[in-house]
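Structure file protein08.txt; described as compact mmCIF, N, CA and C atoms.
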```
# COMPACT_ATOMS: atom_id res chain seq x y z
N GLN G 1 48.33 -150.45 -17.96
CA GLN G 1 47.18 -151.32 -18.11
C GLN G 1 47.62 -152.74 -18.49
N GLN G 2 48.62 -152.84 -19.38
CA GLN G 2 49.15 -154.15 -19.75
C GLN G 2 49.79 -154.83 -18.54
N GLN G 3 50.47 -154.03 -17.75
CA GLN G 3 51.12 -154.58 -16.56
C GLN G 3 50.06 -155.11 -15.59
N GLN G 4 48.97 -154.40 -15.46
CA GLN G 4 47.89 -154.83 -14.59
C GLN G 4 47.26 -156.13 -15.10
N GLN G 5 47.08 -156.24 -16.43
CA GLN G 5 46.54 -157.46 -17.01
C GLN G 5 47.49 -158.64 -16.80
N GLN G 6 48.79 -158.38 -16.94
CA GLN G 6 49.77 -159.45 -16.71
C GLN G 6 49.72 -159.92 -15.27
N GLN G 7 49.59 -158.98 -14.33
CA GLN G 7 49.50 -159.34 -12.91
C GLN G 7 48.26 -160.18 -12.65
N GLN G 8 47.15 -159.81 -13.28
CA GLN G 8 45.93 -160.58 -13.09
C GLN G 8 46.08 -161.98 -13.66
N GLN G 9 46.72 -162.10 -14.82
CA GLN G 9 46.94 -163.42 -15.41
C GLN G 9 47.84 -164.27 -14.53
N GLN G 10 48.88 -163.66 -13.97
CA GLN G 10 49.79 -164.40 -13.08
C GLN G 10 49.04 -164.86 -11.83
N GLN G 11 48.20 -163.98 -11.29
CA GLN G 11 47.44 -164.35 -10.10
C GLN G 11 46.48 -165.50 -10.42
N GLN G 12 45.85 -165.45 -11.59
CA GLN G 12 44.93 -166.50 -12.00
C GLN G 12 45.69 -167.82 -12.15
N GLN G 13 46.88 -167.78 -12.77
CA GLN G 13 47.67 -169.00 -12.94
C GLN G 13 48.11 -169.56 -11.60
N GLN G 14 48.52 -168.69 -10.68
CA GLN G 14 48.90 -169.15 -9.35
C GLN G 14 47.72 -169.78 -8.64
N HIS G 15 46.56 -169.15 -8.78
CA HIS G 15 45.35 -169.67 -8.14
C HIS G 15 45.00 -171.04 -8.72
N GLU G 16 45.11 -171.20 -10.05
CA GLU G 16 44.81 -172.47 -10.69
C GLU G 16 45.79 -173.55 -10.26
N GLN G 17 47.05 -173.19 -10.08
CA GLN G 17 48.04 -174.16 -9.65
C GLN G 17 47.80 -174.57 -8.21
N ALA G 18 47.35 -173.62 -7.37
CA ALA G 18 47.10 -173.91 -5.96
C ALA G 18 45.80 -174.68 -5.77
N SER G 19 44.91 -174.65 -6.77
CA SER G 19 43.61 -175.31 -6.67
C SER G 19 43.60 -176.58 -7.49
N PRO G 20 43.61 -177.74 -6.85
CA PRO G 20 43.53 -178.97 -7.63
C PRO G 20 42.19 -179.05 -8.35
N LYS G 21 42.18 -179.68 -9.51
CA LYS G 21 40.97 -179.78 -10.33
C LYS G 21 40.31 -181.13 -10.06
N VAL G 22 39.00 -181.10 -9.78
CA VAL G 22 38.25 -182.31 -9.47
C VAL G 22 37.13 -182.42 -10.48
N ARG G 23 36.92 -183.59 -11.02
CA ARG G 23 35.81 -183.80 -11.95
C ARG G 23 34.73 -184.58 -11.23
N LEU G 24 33.58 -183.95 -11.07
CA LEU G 24 32.47 -184.60 -10.40
C LEU G 24 31.72 -185.46 -11.40
N GLY G 25 31.28 -186.63 -10.99
CA GLY G 25 30.65 -187.57 -11.89
C GLY G 25 29.17 -187.32 -12.10
N VAL G 26 28.81 -186.16 -12.58
CA VAL G 26 27.42 -185.86 -12.87
C VAL G 26 27.10 -186.41 -14.25
N GLY G 27 25.99 -187.09 -14.38
CA GLY G 27 25.58 -187.62 -15.67
C GLY G 27 26.23 -188.95 -16.01
N VAL G 28 26.83 -189.62 -15.04
CA VAL G 28 27.44 -190.92 -15.29
C VAL G 28 26.34 -191.97 -15.31
N LYS G 29 26.37 -192.84 -16.31
CA LYS G 29 25.36 -193.90 -16.39
C LYS G 29 25.59 -194.88 -15.24
N PRO G 30 24.49 -195.34 -14.60
CA PRO G 30 24.64 -196.25 -13.46
C PRO G 30 25.43 -197.50 -13.81
N SER G 31 25.30 -198.00 -15.03
CA SER G 31 26.00 -199.23 -15.39
C SER G 31 27.52 -199.03 -15.42
N SER G 32 27.96 -197.80 -15.72
CA SER G 32 29.39 -197.56 -15.79
C SER G 32 29.93 -196.95 -14.50
N ALA G 33 29.05 -196.64 -13.57
CA ALA G 33 29.50 -196.02 -12.32
C ALA G 33 30.19 -197.06 -11.45
N GLN G 34 31.25 -196.63 -10.81
CA GLN G 34 31.97 -197.51 -9.90
C GLN G 34 31.88 -196.92 -8.51
N PRO G 35 31.94 -197.78 -7.48
CA PRO G 35 31.89 -197.24 -6.13
C PRO G 35 33.06 -196.30 -5.89
N ALA G 36 32.79 -195.26 -5.13
CA ALA G 36 33.83 -194.26 -4.87
C ALA G 36 34.91 -194.87 -3.99
N LYS G 37 36.15 -194.61 -4.34
CA LYS G 37 37.29 -195.07 -3.55
C LYS G 37 38.10 -193.85 -3.18
N LEU G 38 38.73 -193.90 -2.06
CA LEU G 38 39.62 -192.81 -1.68
C LEU G 38 40.99 -193.08 -2.27
N ASP G 39 41.09 -192.87 -3.58
CA ASP G 39 42.39 -193.05 -4.22
C ASP G 39 43.25 -191.82 -3.92
N GLY G 40 44.41 -191.79 -4.48
CA GLY G 40 45.33 -190.68 -4.22
C GLY G 40 44.73 -189.33 -4.55
N GLY G 41 43.97 -189.24 -5.66
CA GLY G 41 43.37 -187.97 -6.06
C GLY G 41 42.36 -187.48 -5.05
N CYS G 42 41.48 -188.40 -4.60
CA CYS G 42 40.46 -188.02 -3.61
C CYS G 42 41.10 -187.65 -2.28
N ARG G 43 42.11 -188.40 -1.90
CA ARG G 43 42.79 -188.08 -0.63
C ARG G 43 43.40 -186.69 -0.69
N SER G 44 44.00 -186.35 -1.83
CA SER G 44 44.62 -185.03 -1.92
C SER G 44 43.57 -183.94 -1.90
N VAL G 45 42.39 -184.19 -2.52
CA VAL G 45 41.32 -183.20 -2.48
C VAL G 45 40.82 -183.03 -1.06
N LEU G 46 40.59 -184.15 -0.37
CA LEU G 46 40.15 -184.06 1.03
C LEU G 46 41.19 -183.34 1.88
N ARG G 47 42.45 -183.63 1.64
CA ARG G 47 43.52 -182.98 2.39
C ARG G 47 43.50 -181.47 2.14
N ASP G 48 43.31 -181.09 0.86
CA ASP G 48 43.25 -179.67 0.53
C ASP G 48 42.06 -178.99 1.18
N ILE G 49 40.90 -179.68 1.18
CA ILE G 49 39.72 -179.10 1.80
C ILE G 49 39.95 -178.92 3.29
N LEU G 50 40.51 -179.95 3.93
CA LEU G 50 40.77 -179.85 5.36
C LEU G 50 41.80 -178.77 5.68
N ARG G 51 42.72 -178.54 4.77
CA ARG G 51 43.72 -177.48 4.96
C ARG G 51 43.17 -176.12 4.55
N GLU G 52 41.92 -176.13 4.09
CA GLU G 52 41.23 -174.92 3.68
C GLU G 52 41.88 -174.27 2.47
N ARG G 53 42.38 -175.12 1.56
CA ARG G 53 42.87 -174.62 0.28
C ARG G 53 41.73 -174.68 -0.71
N PRO G 54 41.63 -173.72 -1.63
CA PRO G 54 40.54 -173.76 -2.61
C PRO G 54 40.69 -174.96 -3.54
N VAL G 55 39.55 -175.51 -3.95
CA VAL G 55 39.51 -176.67 -4.84
C VAL G 55 38.67 -176.30 -6.06
N ARG G 56 39.23 -176.51 -7.25
CA ARG G 56 38.48 -176.27 -8.50
C ARG G 56 37.71 -177.52 -8.85
N CYS G 57 36.42 -177.38 -9.14
CA CYS G 57 35.57 -178.50 -9.50
C CYS G 57 34.93 -178.23 -10.86
N VAL G 58 34.80 -179.28 -11.64
CA VAL G 58 34.17 -179.20 -12.95
C VAL G 58 32.98 -180.15 -12.92
N TYR G 59 31.81 -179.68 -13.38
CA TYR G 59 30.64 -180.53 -13.45
C TYR G 59 29.77 -180.14 -14.63
N ASN G 60 28.92 -181.07 -15.04
CA ASN G 60 27.98 -180.83 -16.14
C ASN G 60 26.58 -180.79 -15.59
N GLU G 61 25.81 -179.79 -16.02
CA GLU G 61 24.42 -179.68 -15.62
C GLU G 61 23.61 -179.26 -16.84
N ARG G 62 22.61 -180.08 -17.18
CA ARG G 62 21.77 -179.83 -18.34
C ARG G 62 22.58 -179.58 -19.61
N GLY G 63 23.63 -180.36 -19.77
CA GLY G 63 24.45 -180.26 -20.96
C GLY G 63 25.44 -179.12 -20.97
N GLU G 64 25.47 -178.32 -19.91
CA GLU G 64 26.42 -177.21 -19.83
C GLU G 64 27.55 -177.57 -18.88
N ARG G 65 28.75 -177.23 -19.27
CA ARG G 65 29.93 -177.47 -18.44
C ARG G 65 30.13 -176.28 -17.51
N HIS G 66 30.30 -176.55 -16.23
CA HIS G 66 30.53 -175.51 -15.23
C HIS G 66 31.84 -175.79 -14.50
N GLU G 67 32.51 -174.75 -14.14
CA GLU G 67 33.75 -174.88 -13.38
C GLU G 67 33.67 -173.89 -12.23
N VAL G 68 33.87 -174.38 -11.02
CA VAL G 68 33.78 -173.52 -9.83
C VAL G 68 34.98 -173.77 -8.94
N VAL G 69 35.29 -172.79 -8.13
CA VAL G 69 36.34 -172.91 -7.13
C VAL G 69 35.66 -172.91 -5.78
N LEU G 70 35.87 -173.96 -5.01
CA LEU G 70 35.25 -174.10 -3.69
C LEU G 70 36.30 -173.87 -2.61
N SER G 71 35.89 -173.15 -1.61
CA SER G 71 36.79 -172.88 -0.49
C SER G 71 35.97 -172.86 0.79
N MET G 72 36.57 -173.26 1.87
CA MET G 72 35.89 -173.26 3.16
C MET G 72 35.59 -171.83 3.62
N GLU G 73 36.32 -170.87 3.10
CA GLU G 73 36.14 -169.49 3.52
C GLU G 73 35.05 -168.76 2.74
N ASP G 74 34.65 -169.31 1.59
CA ASP G 74 33.63 -168.67 0.77
C ASP G 74 32.25 -168.83 1.39
N ALA G 75 31.40 -167.86 1.11
CA ALA G 75 30.01 -167.96 1.53
C ALA G 75 29.30 -169.00 0.66
N LEU G 76 28.22 -169.55 1.16
CA LEU G 76 27.46 -170.50 0.36
C LEU G 76 26.84 -169.77 -0.82
N PRO G 77 26.77 -170.42 -1.97
CA PRO G 77 26.18 -169.75 -3.14
C PRO G 77 24.68 -169.58 -2.96
N VAL G 78 24.17 -168.52 -3.54
CA VAL G 78 22.74 -168.23 -3.49
C VAL G 78 22.14 -168.71 -4.81
N ALA G 79 21.11 -169.51 -4.70
CA ALA G 79 20.46 -170.03 -5.91
C ALA G 79 19.74 -168.90 -6.64
N GLN G 80 19.91 -168.86 -7.94
CA GLN G 80 19.22 -167.88 -8.78
C GLN G 80 17.86 -168.44 -9.15
N ARG G 81 16.79 -167.71 -8.82
CA ARG G 81 15.45 -168.16 -9.12
C ARG G 81 14.76 -167.15 -10.03
N SER G 82 13.98 -167.66 -10.95
CA SER G 82 13.21 -166.78 -11.82
C SER G 82 12.05 -166.18 -11.03
N ASP G 83 11.44 -165.15 -11.58
CA ASP G 83 10.29 -164.52 -10.94
C ASP G 83 9.14 -165.51 -10.78
N ALA G 84 8.96 -166.38 -11.79
CA ALA G 84 7.87 -167.36 -11.74
C ALA G 84 8.09 -168.36 -10.61
N VAL G 85 9.33 -168.78 -10.41
CA VAL G 85 9.65 -169.71 -9.32
C VAL G 85 9.42 -169.03 -7.98
N GLN G 86 9.87 -167.79 -7.85
CA GLN G 86 9.68 -167.05 -6.61
C GLN G 86 8.18 -166.90 -6.29
N GLU G 87 7.39 -166.59 -7.31
CA GLU G 87 5.93 -166.45 -7.15
C GLU G 87 5.32 -167.76 -6.68
N PHE G 88 5.70 -168.88 -7.33
CA PHE G 88 5.19 -170.20 -6.97
C PHE G 88 5.52 -170.52 -5.51
N GLN G 89 6.76 -170.29 -5.12
CA GLN G 89 7.17 -170.59 -3.75
C GLN G 89 6.48 -169.68 -2.75
N ASP G 90 6.28 -168.42 -3.10
CA ASP G 90 5.60 -167.49 -2.19
C ASP G 90 4.14 -167.87 -2.00
N VAL G 91 3.48 -168.33 -3.07
CA VAL G 91 2.07 -168.76 -2.94
C VAL G 91 1.98 -169.94 -1.98
N LEU G 92 2.87 -170.92 -2.15
CA LEU G 92 2.86 -172.07 -1.25
C LEU G 92 3.20 -171.66 0.18
N ARG G 93 4.15 -170.76 0.30
CA ARG G 93 4.53 -170.27 1.63
C ARG G 93 3.38 -169.52 2.28
N ALA G 94 2.60 -168.77 1.50
CA ALA G 94 1.44 -168.05 2.03
C ALA G 94 0.43 -169.04 2.60
N HIS G 95 0.22 -170.16 1.90
CA HIS G 95 -0.70 -171.18 2.41
C HIS G 95 -0.15 -171.82 3.68
N TRP G 96 1.13 -172.03 3.73
CA TRP G 96 1.74 -172.61 4.94
C TRP G 96 1.59 -171.64 6.12
N LEU G 97 1.79 -170.35 5.88
CA LEU G 97 1.64 -169.37 6.95
C LEU G 97 0.20 -169.32 7.45
N LYS G 98 -0.76 -169.46 6.54
CA LYS G 98 -2.17 -169.50 6.94
C LYS G 98 -2.43 -170.71 7.81
N ALA G 99 -1.91 -171.88 7.38
CA ALA G 99 -2.10 -173.12 8.14
C ALA G 99 -1.41 -173.04 9.50
N SER G 100 -0.38 -172.21 9.60
CA SER G 100 0.35 -172.04 10.86
C SER G 100 -0.33 -171.04 11.79
N GLY G 101 -1.45 -170.46 11.32
CA GLY G 101 -2.19 -169.54 12.17
C GLY G 101 -1.81 -168.08 12.04
N ARG G 102 -1.03 -167.74 11.04
CA ARG G 102 -0.64 -166.34 10.87
C ARG G 102 -1.82 -165.55 10.30
N SER G 103 -1.88 -164.29 10.66
CA SER G 103 -2.90 -163.41 10.10
C SER G 103 -2.48 -162.97 8.71
N LYS G 104 -3.42 -162.36 8.00
CA LYS G 104 -3.13 -161.86 6.64
C LYS G 104 -1.99 -160.85 6.69
N GLU G 105 -2.01 -159.96 7.67
CA GLU G 105 -0.98 -158.93 7.79
C GLU G 105 0.38 -159.53 8.14
N GLU G 106 0.39 -160.53 9.05
CA GLU G 106 1.65 -161.18 9.40
C GLU G 106 2.26 -161.91 8.20
N ALA G 107 1.41 -162.61 7.45
CA ALA G 107 1.88 -163.33 6.26
C ALA G 107 2.41 -162.34 5.24
N ALA G 108 1.71 -161.24 5.02
CA ALA G 108 2.15 -160.24 4.06
C ALA G 108 3.50 -159.67 4.47
N SER G 109 3.68 -159.43 5.76
CA SER G 109 4.95 -158.88 6.25
C SER G 109 6.09 -159.89 6.05
N GLU G 110 5.85 -161.15 6.38
CA GLU G 110 6.90 -162.17 6.23
C GLU G 110 7.28 -162.40 4.77
N LEU G 111 6.28 -162.33 3.90
CA LEU G 111 6.53 -162.58 2.47
C LEU G 111 6.94 -161.32 1.72
N ARG G 112 6.86 -160.18 2.41
CA ARG G 112 7.14 -158.87 1.80
C ARG G 112 6.24 -158.67 0.58
N ARG G 113 4.96 -158.95 0.78
CA ARG G 113 3.94 -158.79 -0.25
C ARG G 113 2.79 -157.97 0.32
N ALA G 114 1.92 -157.52 -0.56
CA ALA G 114 0.74 -156.76 -0.13
C ALA G 114 -0.28 -157.71 0.50
N ALA G 115 -1.08 -157.20 1.42
CA ALA G 115 -2.10 -158.01 2.08
C ALA G 115 -3.12 -158.52 1.06
N GLY G 116 -3.44 -157.73 0.06
CA GLY G 116 -4.37 -158.16 -0.99
C GLY G 116 -3.83 -159.35 -1.77
N TRP G 117 -2.52 -159.36 -2.03
CA TRP G 117 -1.89 -160.49 -2.72
C TRP G 117 -2.05 -161.75 -1.89
N VAL G 118 -1.84 -161.64 -0.58
CA VAL G 118 -1.97 -162.78 0.32
C VAL G 118 -3.41 -163.30 0.30
N MET G 119 -4.39 -162.40 0.31
CA MET G 119 -5.79 -162.82 0.27
C MET G 119 -6.11 -163.58 -1.02
N ARG G 120 -5.60 -163.09 -2.15
CA ARG G 120 -5.82 -163.79 -3.42
C ARG G 120 -5.21 -165.19 -3.38
N CYS G 121 -4.03 -165.30 -2.78
CA CYS G 121 -3.38 -166.62 -2.66
C CYS G 121 -4.22 -167.56 -1.80
N TRP G 122 -4.73 -167.03 -0.70
CA TRP G 122 -5.50 -167.87 0.21
C TRP G 122 -6.80 -168.34 -0.43
N GLN G 123 -7.29 -167.64 -1.44
CA GLN G 123 -8.51 -168.07 -2.12
C GLN G 123 -8.23 -169.16 -3.16
N MET G 124 -6.97 -169.33 -3.53
CA MET G 124 -6.59 -170.38 -4.49
C MET G 124 -6.40 -171.71 -3.77
N VAL G 125 -6.59 -172.78 -4.51
CA VAL G 125 -6.26 -174.11 -4.02
C VAL G 125 -4.79 -174.34 -4.37
N PRO G 126 -3.94 -174.72 -3.40
CA PRO G 126 -2.50 -174.86 -3.70
C PRO G 126 -2.20 -175.78 -4.88
N GLU G 127 -2.96 -176.85 -5.03
CA GLU G 127 -2.72 -177.79 -6.13
C GLU G 127 -3.03 -177.17 -7.50
N ALA G 128 -3.83 -176.10 -7.51
CA ALA G 128 -4.22 -175.45 -8.76
C ALA G 128 -3.22 -174.38 -9.19
N VAL G 129 -2.24 -174.09 -8.35
CA VAL G 129 -1.23 -173.08 -8.69
C VAL G 129 -0.36 -173.64 -9.81
N PRO G 130 -0.25 -172.93 -10.94
CA PRO G 130 0.54 -173.47 -12.05
C PRO G 130 2.03 -173.59 -11.68
N ARG G 131 2.59 -174.74 -12.01
CA ARG G 131 4.01 -174.99 -11.73
C ARG G 131 4.85 -174.40 -12.86
N PRO G 132 5.79 -173.51 -12.52
CA PRO G 132 6.68 -172.98 -13.56
C PRO G 132 7.56 -174.09 -14.13
N HIS G 133 7.95 -173.95 -15.39
CA HIS G 133 8.79 -174.99 -16.02
C HIS G 133 10.15 -175.10 -15.34
N ASP G 134 10.57 -174.06 -14.60
CA ASP G 134 11.85 -174.09 -13.88
C ASP G 134 11.81 -175.05 -12.69
N VAL G 135 10.61 -175.36 -12.20
CA VAL G 135 10.46 -176.22 -11.02
C VAL G 135 10.17 -177.64 -11.51
N PRO G 136 11.07 -178.58 -11.22
CA PRO G 136 10.82 -179.97 -11.63
C PRO G 136 9.55 -180.50 -10.96
N PRO G 137 8.82 -181.38 -11.64
CA PRO G 137 7.58 -181.91 -11.07
C PRO G 137 7.76 -182.54 -9.69
N TYR G 138 8.86 -183.27 -9.48
CA TYR G 138 9.04 -183.92 -8.18
C TYR G 138 9.26 -182.90 -7.06
N ILE G 139 9.85 -181.75 -7.36
CA ILE G 139 10.02 -180.70 -6.35
C ILE G 139 8.66 -180.10 -6.00
N ALA G 140 7.85 -179.80 -7.02
CA ALA G 140 6.51 -179.24 -6.77
C ALA G 140 5.67 -180.21 -5.96
N GLU G 141 5.73 -181.51 -6.32
CA GLU G 141 4.95 -182.51 -5.58
C GLU G 141 5.43 -182.60 -4.14
N TYR G 142 6.73 -182.56 -3.93
CA TYR G 142 7.28 -182.60 -2.57
C TYR G 142 6.79 -181.41 -1.75
N GLU G 143 6.86 -180.23 -2.34
CA GLU G 143 6.43 -179.02 -1.61
C GLU G 143 4.95 -179.07 -1.29
N LEU G 144 4.13 -179.57 -2.21
CA LEU G 144 2.69 -179.71 -1.94
C LEU G 144 2.44 -180.76 -0.86
N THR G 145 3.20 -181.85 -0.88
CA THR G 145 3.06 -182.87 0.15
C THR G 145 3.42 -182.30 1.53
N MET G 146 4.49 -181.52 1.58
CA MET G 146 4.89 -180.90 2.85
C MET G 146 3.83 -179.90 3.32
N LEU G 147 3.22 -179.21 2.38
CA LEU G 147 2.17 -178.26 2.73
C LEU G 147 0.95 -178.97 3.32
N ARG G 148 0.59 -180.12 2.73
CA ARG G 148 -0.54 -180.88 3.25
C ARG G 148 -0.25 -181.43 4.63
N GLY G 149 1.03 -181.65 4.91
CA GLY G 149 1.55 -182.06 6.20
C GLY G 149 1.03 -183.26 6.79
```
Would you write out, as structure tokens, the structure that this file holds?
Amino acid sequence: QQQQQQQQQQQQQQHEQASPKVRLGVGVKPSSAQPAKLDGGCRSVLRDILRERPVRCVYNERGERHEVVLSMEDALPVAQRSDAVQEFQDVLRAHWLKASGRSKEEAASELRRAAGWVMRCWQMVPEAVPRPHDVPPYIAEYELTMLRG
């Protein structure tokens, strides 16, 4: 078991050495931001990406530090959504399907919801659907604007 742990640590170290570390400028104040230049570091990152070598990236989001390894061979990440966000998006999507001429049964099938749920959504005014705190106001406004078309 110790030997297996040592092998895993060695593999992790090799992977870290093979993956250059990039710091993304998230949260940089506009006054201190400088235009991006293709300096030696950026060129090496681009070269690694083009060679399809994995690249380690570090970024900050909502005060949390995240570190990811990006590779051209990896699948795109799937966004994690709360149930409230999924519900909000499904209600808006149900209204869009109605506006597109879909029947109640077709909309229910596409949304993988019950036909009764679709009918309840269609009786609501889209603007009256409560926005979950997970959805930023500008995203909700954009989706409602797209729905109004």
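Going from atom C of Arg56 of chain G to atom N of Val68 of chain G covers 5.4 Å.
In this structure, atom CA of Lys104 of chain G sits 6.5 Å away from atom CA of Val118 of chain G.
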G:Gln1, G:Gln6, G:Arg131, G:Gly149 ranked by distance to Phe88 of chain G, top pick (using only N, CA and C atoms)
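The answer is G:Arg131, which sits nearest to Phe88 of chain G.
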Would you mind listing what lies within 8 Å of segment 140-146 of chain G as a PyMOL selection string, with all atoms listed in the file counted and same-chain residues fewer than 3 positions away left out?
chain G and resi 92+96+126-127+131+135-137+149
Out of G:Pro130, G:Gly116, G:Leu147, G:Gln3, which residue has the shortest atom-to-atom distance to Glu87 of chain G when counting only C-alpha atoms?
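Smallest separation from Glu87 of chain G among the options: G:Pro130.
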Here is a test: counting all atoms listed in the file, which residue of G:Arg102, G:Trp117, G:Cys57, G:Ala108 is nearest to Val69 of chain G?
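Counting all atoms listed in the file, the residue closest to Val69 of chain G is G:Cys57.
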Any idea what the distance is between atom CA of Ser103 of chain G and atom CA of Cys121 of chain G?
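That distance, rounded to one decimal, is 13.2 Å.
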Can you check which residues of segment 68-144 of chain G DSSP gives as alpha helix (DSSP H) on the backbone and send them as a ChimeraX atom specification?
/G:83-99,104-111,115-123,137-144
Near-Glu105 of chain G list (12 Å; only C-alpha atoms; drop same-chain fewer than 3 positions) as a ChimeraX atom specification:
/G:94,97-98,101-102,108-119
